[in-house]
$ cat start03.pdb   # PDB, C-alpha atoms
MODEL        1
ATOM      1  CA  ALA A 870     102.058  99.535 120.857  1.00  0.00           C
ATOM      2  CA  GLN A 871     104.865 100.910 122.951  1.00  0.00           C
ATOM      3  CA  ARG A 872     104.766 104.676 123.441  1.00  0.00           C
ATOM      4  CA  ARG A 873     107.951 106.312 122.181  1.00  0.00           C
ATOM      5  CA  ARG A 874     109.431 109.498 123.523  1.00  0.00           C
ATOM      6  CA  PRO A 875     110.578 112.377 121.349  1.00  0.00           C
ATOM      7  CA  ASP A 876     114.314 112.139 120.676  1.00  0.00           C
ATOM      8  CA  GLY A 877     116.650 114.116 122.889  1.00  0.00           C
ATOM      9  CA  PRO A 878     116.948 114.683 126.632  1.00  0.00           C
ATOM     10  CA  GLY A 879     113.867 115.592 128.588  1.00  0.00           C
ATOM     11  CA  GLY A 880     111.552 114.453 125.783  1.00  0.00           C
ATOM     12  CA  MET A 881     108.981 112.646 127.894  1.00  0.00           C
ATOM     13  CA  ALA A 882     108.206 115.350 130.429  1.00  0.00           C
ATOM     14  CA  THR A 883     108.368 118.065 127.774  1.00  0.00           C
ATOM     15  CA  ALA A 884     105.841 116.306 125.557  1.00  0.00           C
ATOM     16  CA  MET A 885     103.496 115.605 128.451  1.00  0.00           C
ATOM     17  CA  ALA A 886     103.825 119.159 129.755  1.00  0.00           C
ATOM     18  CA  GLN A 887     102.691 120.440 126.373  1.00  0.00           C
ATOM     19  CA  GLU A 888      99.550 118.352 126.822  1.00  0.00           C
ATOM     20  CA  GLY A 889      99.108 119.573 130.399  1.00  0.00           C
ATOM     21  CA  LYS A 890      99.380 116.019 131.744  1.00  0.00           C
ATOM     22  CA  THR A 891     102.790 115.876 133.401  1.00  0.00           C
ATOM     23  CA  THR A 892     102.788 113.400 136.288  1.00  0.00           C
ATOM     24  CA  LEU A 893     105.314 112.721 139.021  1.00  0.00           C
ATOM     25  CA  LEU A 894     106.290 109.531 137.211  1.00  0.00           C
ATOM     26  CA  GLU A 895     107.239 111.394 134.013  1.00  0.00           C
ATOM     27  CA  LEU A 896     109.011 114.089 136.006  1.00  0.00           C
ATOM     28  CA  THR A 897     111.018 111.451 137.876  1.00  0.00           C
ATOM     29  CA  CYS A 898     112.068 109.820 134.614  1.00  0.00           C
ATOM     30  CA  GLU A 899     113.201 113.197 133.283  1.00  0.00           C
ATOM     31  CA  PHE A 900     115.183 113.750 136.479  1.00  0.00           C
ATOM     32  CA  ILE A 901     116.951 110.384 136.149  1.00  0.00           C
ATOM     33  CA  GLU A 902     117.640 111.048 132.463  1.00  0.00           C
ATOM     34  CA  CYS A 903     119.169 114.397 133.384  1.00  0.00           C
ATOM     35  CA  ALA A 904     121.207 112.798 136.185  1.00  0.00           C
ATOM     36  CA  VAL A 905     122.585 110.170 133.782  1.00  0.00           C
ATOM     37  CA  HIS A 906     123.683 112.796 131.243  1.00  0.00           C
ATOM     38  CA  THR A 907     125.328 114.855 133.972  1.00  0.00           C
ATOM     39  CA  LEU A 908     127.162 111.921 135.526  1.00  0.00           C
ATOM     40  CA  LEU A 909     128.491 110.758 132.147  1.00  0.00           C
ATOM     41  CA  CYS A 910     129.936 114.242 131.674  1.00  0.00           C
ATOM     42  CA  LEU A 911     131.306 114.742 135.188  1.00  0.00           C
ATOM     43  CA  ARG A 912     132.899 111.298 135.299  1.00  0.00           C
ATOM     44  CA  ASP A 913     134.601 111.845 131.911  1.00  0.00           C
ATOM     45  CA  VAL A 914     132.994 108.845 130.253  1.00  0.00           C
ATOM     46  CA  TYR A 915     132.816 111.070 127.168  1.00  0.00           C
ATOM     47  CA  PRO A 916     134.705 114.314 126.389  1.00  0.00           C
ATOM     48  CA  ARG A 917     133.147 117.305 128.104  1.00  0.00           C
ATOM     49  CA  THR A 918     132.999 119.106 124.767  1.00  0.00           C
ATOM     50  CA  LEU A 919     130.290 116.601 123.804  1.00  0.00           C
ATOM     51  CA  PHE A 920     127.979 118.163 126.399  1.00  0.00           C
ATOM     52  CA  ARG A 921     126.222 121.500 126.594  1.00  0.00           C
ATOM     53  CA  ALA A 922     125.274 123.514 129.640  1.00  0.00           C
ATOM     54  CA  ALA A 923     121.567 123.357 130.467  1.00  0.00           C
ATOM     55  CA  ARG A 924     119.267 124.305 133.289  1.00  0.00           C
ATOM     56  CA  LYS A 925     116.999 121.566 134.631  1.00  0.00           C
ATOM     57  CA  PHE A 926     115.063 121.748 137.879  1.00  0.00           C
ATOM     58  CA  ASN A 927     116.803 125.078 138.458  1.00  0.00           C
ATOM     59  CA  ALA A 928     120.224 123.420 138.492  1.00  0.00           C
ATOM     60  CA  ALA A 929     123.110 123.964 136.054  1.00  0.00           C
ATOM     61  CA  VAL A 930     123.485 120.482 134.558  1.00  0.00           C
ATOM     62  CA  ARG A 931     125.124 118.982 131.461  1.00  0.00           C
ATOM     63  CA  MET A 932     123.228 117.420 128.564  1.00  0.00           C
ATOM     64  CA  CYS A 933     124.795 115.503 125.677  1.00  0.00           C
ATOM     65  CA  ARG A 934     124.820 117.011 122.178  1.00  0.00           C
ATOM     66  CA  HIS A 935     125.205 113.714 120.302  1.00  0.00           C
ATOM     67  CA  PRO A 936     121.864 112.510 118.839  1.00  0.00           C
ATOM     68  CA  THR A 937     122.790 108.806 118.866  1.00  0.00           C
ATOM     69  CA  LEU A 938     123.747 108.819 122.535  1.00  0.00           C
ATOM     70  CA  ASN A 939     120.700 110.951 123.353  1.00  0.00           C
ATOM     71  CA  LYS A 940     118.390 108.435 121.693  1.00  0.00           C
ATOM     72  CA  TYR A 941     120.121 105.507 123.396  1.00  0.00           C
ATOM     73  CA  ILE A 942     119.636 107.053 126.838  1.00  0.00           C
ATOM     74  CA  ALA A 943     116.081 108.132 125.969  1.00  0.00           C
ATOM     75  CA  ASP A 944     115.214 104.539 125.029  1.00  0.00           C
ATOM     76  CA  LEU A 945     116.630 103.308 128.322  1.00  0.00           C
ATOM     77  CA  ILE A 946     114.515 105.835 130.205  1.00  0.00           C
ATOM     78  CA  GLN A 947     111.450 104.744 128.246  1.00  0.00           C
ATOM     79  CA  GLY A 948     112.081 101.180 129.432  1.00  0.00           C
ATOM     80  CA  LEU A 949     112.397 102.508 132.969  1.00  0.00           C
ATOM     81  CA  PHE A 950     109.120 104.409 132.612  1.00  0.00           C
ATOM     82  CA  GLU A 951     107.259 101.272 131.546  1.00  0.00           C
ATOM     83  CA  CYS A 952     108.617  99.329 134.543  1.00  0.00           C
ATOM     84  CA  MET A 953     107.871 102.117 137.003  1.00  0.00           C
ATOM     85  CA  LYS A 954     104.345 102.436 135.645  1.00  0.00           C
ATOM     86  CA  LYS A 955     103.844  98.753 136.456  1.00  0.00           C
ATOM     87  CA  GLY A 956     105.130  99.354 139.981  1.00  0.00           C
ATOM     88  CA  ILE A 957     107.828  96.682 139.674  1.00  0.00           C
ATOM     89  CA  CYS A 958     110.986  98.803 139.426  1.00  0.00           C
ATOM     90  CA  HIS A 959     112.952  99.249 142.627  1.00  0.00           C
ATOM     91  CA  CYS A 960     116.439 100.049 141.427  1.00  0.00           C
ATOM     92  CA  VAL A 961     118.270 101.675 138.496  1.00  0.00           C
ATOM     93  CA  GLU A 962     122.016 101.261 138.077  1.00  0.00           C
ATOM     94  CA  LEU A 963     124.352 103.413 136.014  1.00  0.00           C
ATOM     95  CA  ILE A 964     127.542 101.391 135.697  1.00  0.00           C
ATOM     96  CA  ILE A 965     130.799 102.938 134.499  1.00  0.00           C
ATOM     97  CA  LEU A 966     133.256 100.428 133.091  1.00  0.00           C
ATOM     98  CA  GLU A 967     136.943 100.662 132.284  1.00  0.00           C
ATOM     99  CA  ASN A 968     137.950  98.821 129.126  1.00  0.00           C
ATOM    100  CA  SER A 969     141.058  96.825 129.830  1.00  0.00           C
ATOM    101  CA  LYS A 970     142.340  94.444 127.131  1.00  0.00           C
ATOM    102  CA  SER A 971     139.739  91.661 126.771  1.00  0.00           C
ATOM    103  CA  LYS A 972     137.597  92.545 129.766  1.00  0.00           C
ATOM    104  CA  SER A 973     135.564  95.443 131.138  1.00  0.00           C
ATOM    105  CA  ILE A 974     135.950  96.251 134.819  1.00  0.00           C
ATOM    106  CA  SER A 975     133.157  97.921 136.756  1.00  0.00           C
ATOM    107  CA  ILE A 976     134.795 100.815 138.595  1.00  0.00           C
ATOM    108  CA  GLU A 977     131.744 102.888 139.562  1.00  0.00           C
ATOM    109  CA  LYS A 978     128.099 101.961 140.017  1.00  0.00           C
ATOM    110  CA  TYR A 979     125.523 104.671 140.720  1.00  0.00           C
ATOM    111  CA  VAL A 980     122.477 103.016 142.255  1.00  0.00           C
ATOM    112  CA  PHE A 981     119.162 104.870 142.283  1.00  0.00           C
ATOM    113  CA  GLU A 982     116.819 103.192 144.763  1.00  0.00           C
ATOM    114  CA  ILE A 983     113.253 104.127 143.844  1.00  0.00           C
ATOM    115  CA  SER A 984     110.157 103.540 145.949  1.00  0.00           C
ATOM    116  CA  PRO A 985     107.097 102.119 144.123  1.00  0.00           C
ATOM    117  CA  GLU A 986     105.180 104.969 145.795  1.00  0.00           C
ATOM    118  CA  VAL A 987     106.163 107.182 142.857  1.00  0.00           C
ATOM    119  CA  VAL A 988     103.237 105.701 140.897  1.00  0.00           C
ATOM    120  CA  GLN A 989     100.652 106.839 143.471  1.00  0.00           C
ATOM    121  CA  GLU A 990     102.123 110.174 144.572  1.00  0.00           C
ATOM    122  CA  GLN A 991     101.355 113.534 142.963  1.00  0.00           C
ATOM    123  CA  ILE A 992     103.550 116.522 142.175  1.00  0.00           C
ATOM    124  CA  SER A 993     103.701 118.851 145.175  1.00  0.00           C
ATOM    125  CA  GLU A 994     105.013 122.369 145.707  1.00  0.00           C
ATOM    126  CA  SER A 995     108.316 120.990 146.988  1.00  0.00           C
ATOM    127  CA  THR A 996     108.866 118.427 144.199  1.00  0.00           C
ATOM    128  CA  HIS A 997     111.074 120.631 142.014  1.00  0.00           C
ATOM    129  CA  GLU A 998     113.034 121.804 145.056  1.00  0.00           C
ATOM    130  CA  GLU A 999     113.708 118.202 146.079  1.00  0.00           C
ATOM    131  CA  PHE A1000     114.957 117.339 142.590  1.00  0.00           C
ATOM    132  CA  THR A1001     117.073 120.510 142.579  1.00  0.00           C
ATOM    133  CA  ASN A1002     118.789 119.531 145.832  1.00  0.00           C
ATOM    134  CA  PHE A1003     119.340 116.026 144.479  1.00  0.00           C
ATOM    135  CA  LEU A1004     120.999 117.363 141.307  1.00  0.00           C
ATOM    136  CA  LEU A1005     123.147 119.799 143.264  1.00  0.00           C
ATOM    137  CA  ARG A1006     124.513 116.876 145.247  1.00  0.00           C
ATOM    138  CA  ILE A1007     125.240 114.965 142.034  1.00  0.00           C
ATOM    139  CA  LEU A1008     127.034 118.029 140.644  1.00  0.00           C
ATOM    140  CA  SER A1009     129.463 117.850 143.579  1.00  0.00           C
ATOM    141  CA  ILE A1010     130.339 114.186 142.913  1.00  0.00           C
ATOM    142  CA  ASP A1011     133.987 115.082 142.209  1.00  0.00           C
ATOM    143  CA  LEU A1012     134.302 115.940 145.903  1.00  0.00           C
ATOM    144  CA  VAL A1013     133.272 112.386 146.769  1.00  0.00           C
ATOM    145  CA  ARG A1014     135.594 110.654 144.324  1.00  0.00           C
ATOM    146  CA  PRO A1015     138.346 111.976 142.009  1.00  0.00           C
ATOM    147  CA  ARG A1016     137.525 112.380 138.340  1.00  0.00           C
ATOM    148  CA  LEU A1017     138.258 109.424 136.069  1.00  0.00           C
ATOM    149  CA  LYS A1018     140.744 111.156 133.798  1.00  0.00           C
ATOM    150  CA  GLY A1019     142.713 109.400 131.083  1.00  0.00           C
ATOM    151  CA  LEU A1020     140.821 106.106 131.252  1.00  0.00           C
ATOM    152  CA  ASP A1021     139.099 104.231 128.422  1.00  0.00           C
ATOM    153  CA  LEU A1022     135.540 104.221 129.760  1.00  0.00           C
ATOM    154  CA  THR A1023     132.114 103.058 128.706  1.00  0.00           C
ATOM    155  CA  PHE A1024     128.800 102.629 130.516  1.00  0.00           C
ATOM    156  CA  LYS A1025     125.630 100.596 130.712  1.00  0.00           C
ATOM    157  CA  MET A1026     122.445 100.643 132.747  1.00  0.00           C
ATOM    158  CA  HIS A1027     120.512  97.990 134.631  1.00  0.00           C
ATOM    159  CA  ILE A1028     116.874  98.195 135.644  1.00  0.00           C
ATOM    160  CA  LEU A1029     116.219  95.851 138.554  1.00  0.00           C
ATOM    161  CA  THR A1030     112.656  94.702 139.142  1.00  0.00           C
ATOM    162  CA  SER A1031     110.808  92.881 141.886  1.00  0.00           C
ATOM    163  CA  SER A1032     109.237  90.476 139.373  1.00  0.00           C
ATOM    164  CA  ILE A1033     109.212  89.562 135.697  1.00  0.00           C
ATOM    165  CA  ASP A1034     106.154  90.990 133.974  1.00  0.00           C
ATOM    166  CA  LYS A1035     105.361  88.925 130.870  1.00  0.00           C
ATOM    167  CA  SER A1036     103.354  91.778 129.363  1.00  0.00           C
ATOM    168  CA  LEU A1037     106.549  93.837 129.006  1.00  0.00           C
ATOM    169  CA  GLU A1038     108.510  91.240 127.064  1.00  0.00           C
ATOM    170  CA  THR A1039     107.433  92.323 123.581  1.00  0.00           C
ATOM    171  CA  ALA A1040     107.939  96.035 124.304  1.00  0.00           C
ATOM    172  CA  TRP A1041     111.038  95.745 126.457  1.00  0.00           C
ATOM    173  CA  ILE A1042     114.074  97.785 125.469  1.00  0.00           C
ATOM    174  CA  PRO A1043     117.386  96.023 126.298  1.00  0.00           C
ATOM    175  CA  VAL A1044     119.460  98.060 128.746  1.00  0.00           C
ATOM    176  CA  GLY A1045     122.710  97.990 126.830  1.00  0.00           C
ATOM    177  CA  PRO A1046     124.381  95.437 124.544  1.00  0.00           C
ATOM    178  CA  GLN A1047     123.005  91.914 124.274  1.00  0.00           C
ATOM    179  CA  THR A1048     125.392  90.640 126.931  1.00  0.00           C
ATOM    180  CA  ASP A1049     124.005  93.083 129.476  1.00  0.00           C
ATOM    181  CA  THR A1050     121.346  92.470 132.061  1.00  0.00           C
ATOM    182  CA  LEU A1051     117.751  92.543 130.807  1.00  0.00           C
ATOM    183  CA  LEU A1052     114.423  92.862 132.563  1.00  0.00           C
ATOM    184  CA  GLY A1053     114.215  90.897 135.783  1.00  0.00           C
ATOM    185  CA  ALA A1054     117.732  89.494 135.517  1.00  0.00           C
ATOM    186  CA  SER A1055     120.833  90.234 137.526  1.00  0.00           C
ATOM    187  CA  GLY A1056     124.550  90.248 136.959  1.00  0.00           C
ATOM    188  CA  GLY A1057     126.570  91.745 134.134  1.00  0.00           C
ATOM    189  CA  GLY A1058     128.020  90.977 130.753  1.00  0.00           C
ATOM    190  CA  LYS A1059     130.020  87.831 130.291  1.00  0.00           C
ATOM    191  CA  ASN A1060     133.323  89.726 130.195  1.00  0.00           C
ATOM    192  CA  GLU A1061     132.507  92.126 133.017  1.00  0.00           C
ATOM    193  CA  LYS A1062     134.223  91.853 136.365  1.00  0.00           C
ATOM    194  CA  THR A1063     133.632  93.753 139.590  1.00  0.00           C
ATOM    195  CA  PRO A1064     136.634  94.154 141.928  1.00  0.00           C
ATOM    196  CA  ASN A1065     136.327  92.599 145.366  1.00  0.00           C
ATOM    197  CA  SER A1066     137.583  95.767 147.100  1.00  0.00           C
ATOM    198  CA  ALA A1067     134.380  97.734 146.483  1.00  0.00           C
ATOM    199  CA  ARG A1068     132.886 100.202 148.926  1.00  0.00           C
ATOM    200  CA  LEU A1069     129.478 101.877 149.205  1.00  0.00           C
ATOM    201  CA  THR A1070     129.081 105.629 149.660  1.00  0.00           C
ATOM    202  CA  PRO A1071     125.640 107.230 150.216  1.00  0.00           C
ATOM    203  CA  ILE A1072     125.266 110.273 147.933  1.00  0.00           C
ATOM    204  CA  TYR A1073     121.748 111.554 148.608  1.00  0.00           C
ATOM    205  CA  HIS A1074     118.480 110.425 150.169  1.00  0.00           C
ATOM    206  CA  MET A1075     115.238 112.125 149.181  1.00  0.00           C
ATOM    207  CA  LYS A1076     112.216 111.501 151.418  1.00  0.00           C
ATOM    208  CA  SER A1077     109.515 113.599 149.723  1.00  0.00           C
ATOM    209  CA  PRO A1078     107.321 113.341 147.655  1.00  0.00           C
ATOM    210  CA  PHE A1079     108.496 109.704 147.635  1.00  0.00           C
ATOM    211  CA  PRO A1080     111.634 107.955 148.922  1.00  0.00           C
ATOM    212  CA  MET A1081     114.533 107.846 146.442  1.00  0.00           C
ATOM    213  CA  ALA A1082     118.214 107.401 147.246  1.00  0.00           C
ATOM    214  CA  LEU A1083     121.473 107.433 145.318  1.00  0.00           C
ATOM    215  CA  ASN A1084     124.410 105.332 146.440  1.00  0.00           C
ATOM    216  CA  LEU A1085     127.833 104.971 144.854  1.00  0.00           C
ATOM    217  CA  ILE A1086     129.515 101.589 144.799  1.00  0.00           C
ATOM    218  CA  CYS A1087     133.082 101.908 143.600  1.00  0.00           C
ATOM    219  CA  ALA A1088     136.337 100.052 143.431  1.00  0.00           C
ATOM    220  CA  GLN A1089     139.235 101.282 145.512  1.00  0.00           C
ATOM    221  CA  MET A1090     141.495 103.321 143.234  1.00  0.00           C
ATOM    222  CA  ASP A1091     145.139 102.335 143.359  1.00  0.00           C
ATOM    223  CA  ARG A1092     147.760 105.042 143.927  1.00  0.00           C
ATOM    224  CA  GLU A1093     148.772 105.217 140.258  1.00  0.00           C
ATOM    225  CA  LYS A1094     145.191 105.931 139.107  1.00  0.00           C
ATOM    226  CA  GLN A1095     144.675 108.452 141.899  1.00  0.00           C
ATOM    227  CA  GLU A1096     147.716 110.409 140.702  1.00  0.00           C
ATOM    228  CA  LYS A1097     146.479 110.159 137.092  1.00  0.00           C
ATOM    229  CA  SER A1098     143.072 111.518 138.075  1.00  0.00           C
ATOM    230  CA  LYS A1099     144.446 114.678 139.688  1.00  0.00           C
TER     231      LYS A1099
ENDMDL
END

$ encode --input "start03.pdb" --output "structure tokens"
Amino acid sequence: AQRRRPDGPGGMATAMAQEGKTTLLELTCEFIECAVHTLLCLRDVYPRTLFRAARKFNAAVRMCRHPTLNKYIADLIQGLFECMKKGICHCVELIILENSKSKSISIEKYVFEISPEVVQEQISESTHEEFTNFLLRILSIDLVRPRLKGLDLTFKMHILTSSIDKSLETAWIPVGPQTDTLLGASGGGKNEKTPNSARLTPIYHMKSPFPMALNLICAQMDREKQEKSK
């Protein structure tokens, strides 16, 4: 049977810590969960009043108050955990979409590149410091790209794997609506489009205790949207 996490942000690592069994894998999943909550707040995907201030990895982050959204993200992270445990996950994408009439346009894609080494490595003295520095960089994302104010936004997540593991099929949690990408697949929903004028911006690259990087792939904002975002 698939192991479920307690509802709410940080459930996996908290539960394991209570048992004295926290591993680097669980800690990494909690970090990514925290990063997703914070990015959804900072990028104005949901109203900022929906989030509360919290302290994770010694950084002042934002965590959602809404139980339905919390559970949705927690289920996505559980799917990520199962893939990472198998050593087949190499990339996690948080995709922010703008709803425009009958189509959704991908305007920002936050790509977490994760080394399979996370399964073998152990928590070290510098682990929390590395995650702290990573979160601090994420918290300054508005300096990299203007806030997405006044737009009708939604999001989804993709988990990209190096192979399709048949043993995960019965326990797999879809990463978003049924039209989204599932385990081992690529591409987006049938009505999703990605602008051709996209650019890649490196956000952060962590080397220890295992390699993990965050890159931002975004569409060029036209002048009207830039003025609206100020």

$ residues_near_point --input "start03.pdb" --point "(131.5, 100.8, 144.1)" --cutoff "7 Å" --atoms "all atoms listed in the file" --output "list in words"
Ile976, Glu977, Lys978, Ala1067, Arg1068, Leu1069, Leu1085, Ile1086, Cys1087 and Ala1088 of chain A

$ atom_distance --input "start03.pdb" --atom1 "atom CA of A:Asn968" --atom2 "atom CA of A:Arg912"
14.8 Å

$ atom_distance --input "start03.pdb" --atom1 "atom CA of A:Phe1000" --atom2 "atom CA of A:Glu902"
12.2 Å

$ resolve_selection --input "start03.pdb" --expression "the PyMOL selection byres ((chain A and resi 929-940) around 8)" --output "number ranges by chain"
A: 876-878, 903, 906-907, 910, 919-925, 927-928, 941-944, 1004, 1008

$ residues_around --input "start03.pdb" --residues "stretch 980-993 of chain A" --least-positions-apart "2" --cutoff "6 Å" --atoms "all atoms listed in the file" --output "ChimeraX atom specification"
/A:893,956,959-962,995-996,1079-1084

$ residues_near_point --input "start03.pdb" --point "(141.8, 106.7, 130.5)" --cutoff "12 Å" --atoms "all atoms listed in the file" --output "list in words"
Arg912, Asp913, Val914, Tyr915, Pro916, Leu966, Glu967, Asn968, Ser969, Arg1016, Leu1017, Lys1018, Gly1019, Leu1020, Asp1021, Leu1022, Thr1023, Lys1094, Gln1095, Lys1097 and Ser1098 of chain A

$ atom_distance --input "start03.pdb" --atom1 "atom CA of A:Leu911" --atom2 "atom CA of A:Thr1030"
27.7 Å
